[in-house]
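All remarks here apply to the structure that follows.
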Amino acid sequence: MMNGTIAVGVTDAAGARSALQWAIERAVARRERLLLVSVVGSAWGVAGEETLVARALTRATALLEYAAEQARNAGVDAEILIERGDPVARLIAVSERADLLVLGSDFARDGSHLRGVRGVRITAGAHCPVVVVPENDVAGRSGVVVGVDGSEASEKAVAFAAAEADRTGEALTAVMTWSPVPVPFELDEYPQDYLDRMQSLTTEDLAISLAGLRQDYPDLAVSTVVESGYPTGVLLRTARSARLLVVGSHGRGPLARFLLGSTSQAVLSHLPTVTAIVR
């Protein structure tokens, strides 16, 4: 961690309110400080716009001051910041100053894709891990689930998840999936010895990915899930009752910084619980 700062995107949306509460609770537990951020868009030069922007700035200031009061009442040091411009670009820039960026989910509660683009783009471009908090109440859940695929991003996700599980005294569940080799024709069934071997190899790969945890966290309870199937479906099902889901994200190609992997993007669009994206 760099400076013990959690940046929080503050709006009056239900997801953002949940994100603020989550961030306050984490800041209390870890003795960290909050940077509370609202973004008001730049003017386009349209008649009457100055009045609209002035009202927006006044409203944003009130939201931030109320959020800061909540944080300070909980014993957390909080700074407020109003940014002007594109919300995606400004929150990505703010992430350079933070150890963690916390956002409320901007996907619709019914899982539709009418909203959500900004959150995905911010998460993809952020310079620090991003936690996305759903609108629905996740109180009473326990355990930390992490998706593992053997990549560098996955290693960082495992480290983040293990530290969080150890800090809270909860169990860690590591999930790794595999899929049979695709073939361009109808196949009644794969040979059983081939399926057994794929399961065994994946179990071994997962064990390698978790090899250092016992030394670093001797009291951490770790369980594993190894299944054939698509990672998203297995992660969503496993994390349904978890307090936190952690996944790594690694885009590919020259635009990698602005892309999320297919698994992390799919998880964000069907958010099962509070979810951290680590890259």
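Following the order of the structure tokens, first chain is A, next is B, and so on, with residues numbered from 1 inside each chain and ligands from 1 in the order they appear.
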Original post:
Quick one: residues within 8 Å of Pro272 (chain A), only C-alpha atoms counted, chain neighbours fewer than 4 positions away excluded, as JSON, numbers by chain?
Top reply: {"A": [134, 236, 239, 240, 267]}
Please provide as a short mmCIF file (atom, residue, chain, number, x, y, z; two decimals) with N, CA and C atoms, in the first residue's frame all residues within 12 Å of Gln70 (chain A), with the sequence filter that same-chain residues fewer than 4 positions apart are discarded (counting only C-alpha atoms).
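File written: around_22.cif
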data_model
loop_
_atom_site.label_atom_id
_atom_site.label_comp_id
_atom_site.auth_asym_id
_atom_site.auth_seq_id
_atom_site.Cartn_x
_atom_site.Cartn_y
_atom_site.Cartn_z
N ARG A 17 -24.02 5.26 -2.43
CA ARG A 17 -24.21 5.34 -0.98
C ARG A 17 -23.71 4.07 -0.30
N LEU A 20 -19.90 4.20 -0.27
CA LEU A 20 -19.39 5.09 0.77
C LEU A 20 -19.38 4.38 2.12
N GLN A 21 -20.46 3.70 2.46
CA GLN A 21 -20.52 3.00 3.74
C GLN A 21 -19.47 1.91 3.81
N TRP A 22 -19.30 1.17 2.70
CA TRP A 22 -18.29 0.10 2.66
C TRP A 22 -16.90 0.69 2.89
N ALA A 23 -16.62 1.82 2.21
CA ALA A 23 -15.30 2.46 2.33
C ALA A 23 -15.06 2.98 3.74
N ILE A 24 -16.08 3.55 4.36
CA ILE A 24 -15.93 4.04 5.74
C ILE A 24 -15.59 2.88 6.68
N GLU A 25 -16.30 1.78 6.55
CA GLU A 25 -16.05 0.63 7.41
C GLU A 25 -14.64 0.08 7.21
N VAL A 28 -12.10 2.53 8.78
CA VAL A 28 -12.07 2.40 10.23
C VAL A 28 -11.21 1.20 10.62
N LEU A 34 -9.93 8.76 3.80
CA LEU A 34 -10.79 8.77 2.63
C LEU A 34 -10.57 10.03 1.81
N LEU A 36 -12.90 11.76 -0.85
CA LEU A 36 -14.27 11.71 -1.37
C LEU A 36 -14.37 12.60 -2.59
N LEU A 63 -23.26 17.08 -1.18
CA LEU A 63 -23.11 15.64 -1.09
C LEU A 63 -21.79 15.26 -0.44
N LEU A 64 -20.72 15.92 -0.87
CA LEU A 64 -19.40 15.62 -0.34
C LEU A 64 -19.29 15.98 1.14
N GLU A 65 -19.83 17.13 1.51
CA GLU A 65 -19.74 17.55 2.91
C GLU A 65 -20.53 16.59 3.81
N TYR A 66 -21.67 16.12 3.33
CA TYR A 66 -22.45 15.17 4.10
C TYR A 66 -21.70 13.84 4.24
N ALA A 74 -17.49 8.58 12.16
CA ALA A 74 -17.01 7.21 12.39
C ALA A 74 -15.54 7.19 12.81
N GLY A 75 -14.92 8.38 12.89
CA GLY A 75 -13.53 8.46 13.30
C GLY A 75 -12.54 8.38 12.17
N VAL A 76 -12.99 8.67 10.94
CA VAL A 76 -12.13 8.57 9.77
C VAL A 76 -11.78 9.96 9.24
N ASP A 77 -10.51 10.17 8.94
CA ASP A 77 -10.08 11.41 8.31
C ASP A 77 -10.56 11.43 6.86
N ALA A 78 -11.25 12.50 6.46
CA ALA A 78 -11.83 12.56 5.12
C ALA A 78 -11.56 13.91 4.46
N GLU A 79 -11.13 13.84 3.21
CA GLU A 79 -10.90 15.04 2.39
C GLU A 79 -11.89 15.01 1.24
#
Original post:
Using only C-alpha atoms, which residues sit within 7 Å of region 158-171 of chain A once same-chain residues fewer than 5 positions away are excluded, as an MDAnalysis selection string?
Top reply: chainID A and resid 142:144 146 217 220:222 246
Subject >> Best match for closeness to Val132 (chain A) among A:Val183, A:Ala67, A:Leu103, A:Leu244, counting only C-alpha atoms >> reply: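 The answer is A:Leu103, which sits nearest to Val132 (chain A).
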**OP:** Choose the residue, out of A:Val247, A:Ile82, A:Leu91, A:Ala7, that has the smallest atom-to-atom separation from Ser151 (chain A); count only C-alpha atoms.
**Re:**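 The answer is A:Val247, which sits nearest to Ser151 (chain A).
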Subject >> Residues near Arg243 (chain A), cut-off 9 Å, only C-alpha atoms, skip fewer than 5 positions along chain, as a PyMOL selection string >> reply: chain A and resi 138-145+273-275
Write out, as an mmCIF file, in the first residue's frame, the residues just selected, with N, CA and C atoms.
data_model
loop_
_atom_site.group_PDB
_atom_site.id
_atom_site.type_symbol
_atom_site.label_atom_id
_atom_site.label_comp_id
_atom_site.auth_asym_id
_atom_site.auth_seq_id
_atom_site.Cartn_x
_atom_site.Cartn_y
_atom_site.Cartn_z
ATOM 1 N N VAL A 138 -25.524 -6.453 1.296
ATOM 2 C CA VAL A 138 -24.705 -7.664 1.408
ATOM 3 C C VAL A 138 -24.339 -7.960 2.865
ATOM 4 N N ALA A 139 -25.038 -7.337 3.791
ATOM 5 C CA ALA A 139 -24.775 -7.561 5.214
ATOM 6 C C ALA A 139 -25.014 -9.025 5.579
ATOM 7 N N GLY A 140 -24.205 -9.528 6.481
ATOM 8 C CA GLY A 140 -24.378 -10.891 6.954
ATOM 9 C C GLY A 140 -23.643 -11.932 6.140
ATOM 10 N N ARG A 141 -23.040 -11.541 5.033
ATOM 11 C CA ARG A 141 -22.286 -12.496 4.229
ATOM 12 C C ARG A 141 -20.891 -12.670 4.805
ATOM 13 N N SER A 142 -20.258 -13.788 4.467
ATOM 14 C CA SER A 142 -18.917 -14.042 4.986
ATOM 15 C C SER A 142 -18.080 -14.772 3.950
ATOM 16 N N GLY A 143 -16.773 -14.648 4.112
ATOM 17 C CA GLY A 143 -15.854 -15.343 3.225
ATOM 18 C C GLY A 143 -15.400 -14.477 2.062
ATOM 19 N N VAL A 144 -14.213 -14.810 1.566
ATOM 20 C CA VAL A 144 -13.635 -14.125 0.418
ATOM 21 C C VAL A 144 -13.395 -15.161 -0.676
ATOM 22 N N VAL A 145 -13.839 -14.860 -1.890
ATOM 23 C CA VAL A 145 -13.668 -15.749 -3.042
ATOM 24 C C VAL A 145 -12.734 -15.076 -4.031
ATOM 25 N N THR A 273 -21.747 -9.738 -5.332
ATOM 26 C CA THR A 273 -21.412 -9.197 -4.009
ATOM 27 C C THR A 273 -20.405 -8.077 -4.229
ATOM 28 N N VAL A 274 -19.889 -7.506 -3.161
ATOM 29 C CA VAL A 274 -18.819 -6.518 -3.298
ATOM 30 C C VAL A 274 -17.656 -7.173 -4.035
ATOM 31 N N THR A 275 -17.160 -6.525 -5.071
ATOM 32 C CA THR A 275 -16.157 -7.146 -5.943
ATOM 33 C C THR A 275 -14.957 -6.242 -6.149
#
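Distances from A:Gly4, A:Gly41, A:Gly147, A:Gly104 to Ser209 (chain A) were compared using only C-alpha atoms, and the smallest one belongs to A:Gly147.
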Subject >> Pairwise distance for CA of Ala29 (chain A) and CA of Ser241 (chain A), rounded to one decimal in Å >> reply: 21.7 Å
**OP:** Figure out the distance between CA of Pro129 (chain A) and CA of Ala276 (chain A), please, to one decimal in Å.
**Re:**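 That distance, rounded to one decimal, is 6.8 Å.
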**OP:** Write down as a ChimeraX atom specification the residues of region 16-205 of chain A whose backbone DSSP state falls under strand (DSSP E).
**Re:** /A:33-40,78-84,100-104,130-133,144-147,172-178
Would you write out those residues with N, CA, C and O atoms, as a compact mmCIF listing (two decimals), in the first residue's frame?
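Saved to out15.txt:
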# COMPACT_ATOMS: atom_id res chain seq x y z
N ARG A 33 -7.41 6.76 5.43
CA ARG A 33 -8.11 8.02 5.20
C ARG A 33 -8.92 7.91 3.92
O ARG A 33 -8.64 7.09 3.04
N LEU A 34 -9.93 8.76 3.80
CA LEU A 34 -10.79 8.77 2.63
C LEU A 34 -10.57 10.03 1.81
O LEU A 34 -10.41 11.13 2.36
N LEU A 35 -10.60 9.85 0.50
CA LEU A 35 -10.64 10.96 -0.44
C LEU A 35 -11.98 10.85 -1.15
O LEU A 35 -12.20 9.94 -1.95
N LEU A 36 -12.90 11.76 -0.85
CA LEU A 36 -14.27 11.71 -1.37
C LEU A 36 -14.37 12.60 -2.59
O LEU A 36 -14.11 13.80 -2.52
N VAL A 37 -14.75 11.99 -3.72
CA VAL A 37 -14.65 12.68 -5.01
C VAL A 37 -16.00 12.71 -5.72
O VAL A 37 -16.68 11.69 -5.84
N SER A 38 -16.38 13.90 -6.20
CA SER A 38 -17.52 14.04 -7.11
C SER A 38 -17.03 14.75 -8.36
O SER A 38 -16.14 15.60 -8.30
N VAL A 39 -17.63 14.39 -9.50
CA VAL A 39 -17.21 14.96 -10.78
C VAL A 39 -18.40 15.66 -11.43
O VAL A 39 -19.45 15.06 -11.63
N VAL A 40 -18.21 16.93 -11.76
CA VAL A 40 -19.21 17.71 -12.48
C VAL A 40 -18.65 17.95 -13.88
O VAL A 40 -17.51 18.39 -14.04
N ALA A 78 -11.25 12.50 6.46
CA ALA A 78 -11.83 12.56 5.12
C ALA A 78 -11.56 13.91 4.46
O ALA A 78 -11.75 14.96 5.08
N GLU A 79 -11.13 13.84 3.21
CA GLU A 79 -10.90 15.04 2.39
C GLU A 79 -11.89 15.01 1.24
O GLU A 79 -12.22 13.94 0.71
N ILE A 80 -12.41 16.19 0.85
CA ILE A 80 -13.35 16.23 -0.27
C ILE A 80 -12.69 16.87 -1.48
O ILE A 80 -11.80 17.72 -1.35
N LEU A 81 -13.12 16.43 -2.66
CA LEU A 81 -12.55 16.92 -3.91
C LEU A 81 -13.62 16.96 -4.98
O LEU A 81 -14.28 15.94 -5.25
N ILE A 82 -13.82 18.12 -5.60
CA ILE A 82 -14.71 18.23 -6.75
C ILE A 82 -13.84 18.35 -8.00
O ILE A 82 -12.98 19.23 -8.10
N GLU A 83 -14.05 17.45 -8.94
CA GLU A 83 -13.34 17.46 -10.21
C GLU A 83 -14.28 17.94 -11.31
O GLU A 83 -15.50 17.76 -11.23
N ARG A 84 -13.71 18.56 -12.33
CA ARG A 84 -14.49 19.00 -13.49
C ARG A 84 -14.02 18.25 -14.73
O ARG A 84 -12.82 18.09 -14.95
N LEU A 100 -6.72 2.43 -3.20
CA LEU A 100 -7.93 1.72 -3.56
C LEU A 100 -8.97 2.74 -4.02
O LEU A 100 -9.10 3.80 -3.43
N LEU A 101 -9.68 2.40 -5.09
CA LEU A 101 -10.78 3.23 -5.58
C LEU A 101 -12.08 2.46 -5.38
O LEU A 101 -12.19 1.30 -5.81
N VAL A 102 -13.05 3.08 -4.72
CA VAL A 102 -14.32 2.42 -4.42
C VAL A 102 -15.44 3.11 -5.18
O VAL A 102 -15.60 4.33 -5.08
N LEU A 103 -16.21 2.33 -5.91
CA LEU A 103 -17.31 2.85 -6.72
C LEU A 103 -18.59 2.09 -6.41
O LEU A 103 -18.55 0.90 -6.08
N GLY A 104 -19.72 2.74 -6.56
CA GLY A 104 -21.00 2.05 -6.54
C GLY A 104 -21.27 1.48 -7.92
O GLY A 104 -20.89 2.08 -8.93
N VAL A 130 -9.72 -1.65 -7.80
CA VAL A 130 -11.02 -1.00 -7.73
C VAL A 130 -12.01 -1.95 -7.07
O VAL A 130 -12.09 -3.12 -7.43
N VAL A 131 -12.76 -1.42 -6.11
CA VAL A 131 -13.84 -2.20 -5.48
C VAL A 131 -15.16 -1.62 -5.95
O VAL A 131 -15.38 -0.41 -5.88
N VAL A 132 -16.03 -2.49 -6.46
CA VAL A 132 -17.35 -2.08 -6.93
C VAL A 132 -18.40 -2.67 -5.99
O VAL A 132 -18.41 -3.88 -5.75
N VAL A 133 -19.25 -1.81 -5.47
CA VAL A 133 -20.22 -2.21 -4.45
C VAL A 133 -21.62 -2.21 -5.08
O VAL A 133 -22.04 -1.22 -5.67
N VAL A 144 -14.21 -14.81 1.57
CA VAL A 144 -13.63 -14.12 0.42
C VAL A 144 -13.40 -15.16 -0.68
O VAL A 144 -12.82 -16.22 -0.42
N VAL A 145 -13.84 -14.86 -1.89
CA VAL A 145 -13.67 -15.75 -3.04
C VAL A 145 -12.73 -15.08 -4.03
O VAL A 145 -12.86 -13.88 -4.30
N VAL A 146 -11.79 -15.83 -4.59
CA VAL A 146 -10.88 -15.28 -5.57
C VAL A 146 -10.81 -16.18 -6.80
O VAL A 146 -10.75 -17.40 -6.68
N GLY A 147 -10.85 -15.56 -7.97
CA GLY A 147 -10.68 -16.30 -9.21
C GLY A 147 -9.21 -16.43 -9.55
O GLY A 147 -8.45 -15.47 -9.45
N LEU A 172 -10.91 -18.18 2.91
CA LEU A 172 -10.64 -17.84 1.51
C LEU A 172 -10.97 -19.04 0.64
O LEU A 172 -10.55 -20.17 0.93
N THR A 173 -11.75 -18.80 -0.40
CA THR A 173 -12.07 -19.85 -1.37
C THR A 173 -11.47 -19.46 -2.71
O THR A 173 -11.79 -18.41 -3.26
N ALA A 174 -10.59 -20.30 -3.23
CA ALA A 174 -9.93 -20.05 -4.52
C ALA A 174 -10.59 -20.90 -5.59
O ALA A 174 -10.78 -22.11 -5.42
N VAL A 175 -10.94 -20.26 -6.71
CA VAL A 175 -11.69 -20.92 -7.78
C VAL A 175 -10.87 -20.96 -9.06
O VAL A 175 -10.31 -19.94 -9.49
N MET A 176 -10.77 -22.13 -9.66
CA MET A 176 -10.10 -22.26 -10.96
C MET A 176 -10.93 -23.19 -11.83
O MET A 176 -11.45 -24.21 -11.36
N THR A 177 -11.08 -22.82 -13.09
CA THR A 177 -11.91 -23.62 -14.00
C THR A 177 -11.10 -24.11 -15.20
O THR A 177 -10.01 -23.61 -15.48
N TRP A 178 -11.64 -25.08 -15.89
CA TRP A 178 -11.01 -25.58 -17.11
C TRP A 178 -12.10 -25.96 -18.10
O TRP A 178 -13.26 -26.16 -17.72
Original post:
CA of Ser200 (chain A) and CA of Gly248 (chain A), how far apart in Å?
Top reply: 23.1 Å
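Non-sequential neighbours of Ser105 (chain A) (distance at most 10 Å, separation of 3 or more positions within a chain, only C-alpha atoms) are Ala13, Ala14, Gly15, Ala16, Ser18, Ala19, Val102, Ala108, Arg109, Arg115, Gly116, Arg118, Gly119, Val120, Val131, Val132, Val133, Pro134, Glu135, Asn136, Leu268, Ser269, His270, Leu271, Val274 and Thr275 of chain A.
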Residues from the last selection, N, CA and C atoms, saved as a PDB file, in the first residue's frame:
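Contents of selection.pdb, freshly written:
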ATOM      1  N   ALA A  13     -26.607   8.209  -6.021  1.00  0.00           N
ATOM      2  CA  ALA A  13     -27.159   6.920  -6.427  1.00  0.00           C
ATOM      3  C   ALA A  13     -27.075   5.918  -5.282  1.00  0.00           C
ATOM      4  N   ALA A  14     -27.968   4.940  -5.269  1.00  0.00           N
ATOM      5  CA  ALA A  14     -28.001   3.951  -4.192  1.00  0.00           C
ATOM      6  C   ALA A  14     -26.695   3.179  -4.107  1.00  0.00           C
ATOM      7  N   GLY A  15     -26.145   2.794  -5.260  1.00  0.00           N
ATOM      8  CA  GLY A  15     -24.890   2.061  -5.259  1.00  0.00           C
ATOM      9  C   GLY A  15     -23.754   2.875  -4.673  1.00  0.00           C
ATOM     10  N   ALA A  16     -23.722   4.172  -4.974  1.00  0.00           N
ATOM     11  CA  ALA A  16     -22.674   5.043  -4.444  1.00  0.00           C
ATOM     12  C   ALA A  16     -22.800   5.204  -2.936  1.00  0.00           C
ATOM     13  N   SER A  18     -23.974   2.930  -0.916  1.00  0.00           N
ATOM     14  CA  SER A  18     -23.468   1.670  -0.366  1.00  0.00           C
ATOM     15  C   SER A  18     -21.943   1.634  -0.417  1.00  0.00           C
ATOM     16  N   ALA A  19     -21.378   2.167  -1.505  1.00  0.00           N
ATOM     17  CA  ALA A  19     -19.921   2.201  -1.650  1.00  0.00           C
ATOM     18  C   ALA A  19     -19.288   3.070  -0.567  1.00  0.00           C
ATOM     19  N   VAL A 102     -13.048   3.077  -4.722  1.00  0.00           N
ATOM     20  CA  VAL A 102     -14.317   2.416  -4.421  1.00  0.00           C
ATOM     21  C   VAL A 102     -15.440   3.115  -5.177  1.00  0.00           C
ATOM     22  N   ALA A 108     -27.798  -1.568 -13.880  1.00  0.00           N
ATOM     23  CA  ALA A 108     -29.166  -1.625 -13.374  1.00  0.00           C
ATOM     24  C   ALA A 108     -29.317  -2.850 -12.479  1.00  0.00           C
ATOM     25  N   ARG A 109     -30.177  -2.730 -11.479  1.00  0.00           N
ATOM     26  CA  ARG A 109     -30.366  -3.820 -10.520  1.00  0.00           C
ATOM     27  C   ARG A 109     -30.839  -5.094 -11.189  1.00  0.00           C
ATOM     28  N   ARG A 115     -27.060   0.648 -18.196  1.00  0.00           N
ATOM     29  CA  ARG A 115     -26.063   1.437 -17.483  1.00  0.00           C
ATOM     30  C   ARG A 115     -24.819   0.580 -17.320  1.00  0.00           C
ATOM     31  N   GLY A 116     -23.783   1.150 -16.732  1.00  0.00           N
ATOM     32  CA  GLY A 116     -22.629   0.328 -16.408  1.00  0.00           C
ATOM     33  C   GLY A 116     -21.375   0.619 -17.198  1.00  0.00           C
ATOM     34  N   ARG A 118     -19.650   3.421 -17.714  1.00  0.00           N
ATOM     35  CA  ARG A 118     -18.654   4.233 -17.018  1.00  0.00           C
ATOM     36  C   ARG A 118     -17.868   3.420 -16.000  1.00  0.00           C
ATOM     37  N   GLY A 119     -18.593   2.624 -15.196  1.00  0.00           N
ATOM     38  CA  GLY A 119     -17.916   1.833 -14.182  1.00  0.00           C
ATOM     39  C   GLY A 119     -16.906   0.870 -14.774  1.00  0.00           C
ATOM     40  N   VAL A 120     -17.264   0.222 -15.871  1.00  0.00           N
ATOM     41  CA  VAL A 120     -16.349  -0.709 -16.526  1.00  0.00           C
ATOM     42  C   VAL A 120     -15.121   0.028 -17.046  1.00  0.00           C
ATOM     43  N   VAL A 131     -12.759  -1.424  -6.113  1.00  0.00           N
ATOM     44  CA  VAL A 131     -13.835  -2.196  -5.481  1.00  0.00           C
ATOM     45  C   VAL A 131     -15.162  -1.621  -5.952  1.00  0.00           C
ATOM     46  N   VAL A 132     -16.030  -2.487  -6.458  1.00  0.00           N
ATOM     47  CA  VAL A 132     -17.347  -2.075  -6.927  1.00  0.00           C
ATOM     48  C   VAL A 132     -18.396  -2.672  -5.990  1.00  0.00           C
ATOM     49  N   VAL A 133     -19.248  -1.812  -5.466  1.00  0.00           N
ATOM     50  CA  VAL A 133     -20.224  -2.209  -4.454  1.00  0.00           C
ATOM     51  C   VAL A 133     -21.621  -2.215  -5.075  1.00  0.00           C
ATOM     52  N   PRO A 134     -22.362  -3.301  -4.951  1.00  0.00           N
ATOM     53  CA  PRO A 134     -23.704  -3.365  -5.540  1.00  0.00           C
ATOM     54  C   PRO A 134     -24.723  -2.564  -4.748  1.00  0.00           C
ATOM     55  N   GLU A 135     -25.864  -2.305  -5.367  1.00  0.00           N
ATOM     56  CA  GLU A 135     -26.939  -1.589  -4.690  1.00  0.00           C
ATOM     57  C   GLU A 135     -27.553  -2.417  -3.571  1.00  0.00           C
ATOM     58  N   ASN A 136     -27.665  -3.729  -3.788  1.00  0.00           N
ATOM     59  CA  ASN A 136     -28.361  -4.568  -2.813  1.00  0.00           C
ATOM     60  C   ASN A 136     -27.525  -4.772  -1.560  1.00  0.00           C
ATOM     61  N   LEU A 268     -18.717  -7.902 -13.306  1.00  0.00           N
ATOM     62  CA  LEU A 268     -19.224  -6.574 -12.963  1.00  0.00           C
ATOM     63  C   LEU A 268     -20.649  -6.363 -13.448  1.00  0.00           C
ATOM     64  N   SER A 269     -21.007  -6.977 -14.547  1.00  0.00           N
ATOM     65  CA  SER A 269     -22.359  -6.786 -15.081  1.00  0.00           C
ATOM     66  C   SER A 269     -23.397  -7.642 -14.368  1.00  0.00           C
ATOM     67  N   HIS A 270     -22.942  -8.606 -13.564  1.00  0.00           N
ATOM     68  CA  HIS A 270     -23.869  -9.448 -12.792  1.00  0.00           C
ATOM     69  C   HIS A 270     -23.383  -9.525 -11.345  1.00  0.00           C
ATOM     70  N   LEU A 271     -23.063  -8.405 -10.780  1.00  0.00           N
ATOM     71  CA  LEU A 271     -22.363  -8.297  -9.505  1.00  0.00           C
ATOM     72  C   LEU A 271     -23.020  -9.134  -8.418  1.00  0.00           C
ATOM     73  N   VAL A 274     -19.889  -7.506  -3.161  1.00  0.00           N
ATOM     74  CA  VAL A 274     -18.819  -6.518  -3.298  1.00  0.00           C
ATOM     75  C   VAL A 274     -17.656  -7.173  -4.035  1.00  0.00           C
ATOM     76  N   THR A 275     -17.160  -6.525  -5.071  1.00  0.00           N
ATOM     77  CA  THR A 275     -16.157  -7.146  -5.943  1.00  0.00           C
ATOM     78  C   THR A 275     -14.957  -6.242  -6.149  1.00  0.00           C
TER      79      THR A 275
END
Subject >> All helix (DSSP H, G or I) positions in region 12-229 of chain A, as a count of residues only >> reply: 101
Original post:
Which is closer to Ala124 (chain A) than all the others in A:Gln192, A:Thr203, A:Ser264, A:Ser42, using only C-alpha atoms?
Top reply: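 Once distances to Ala124 (chain A) are computed over only C-alpha atoms, the minimum belongs to A:Ser264.
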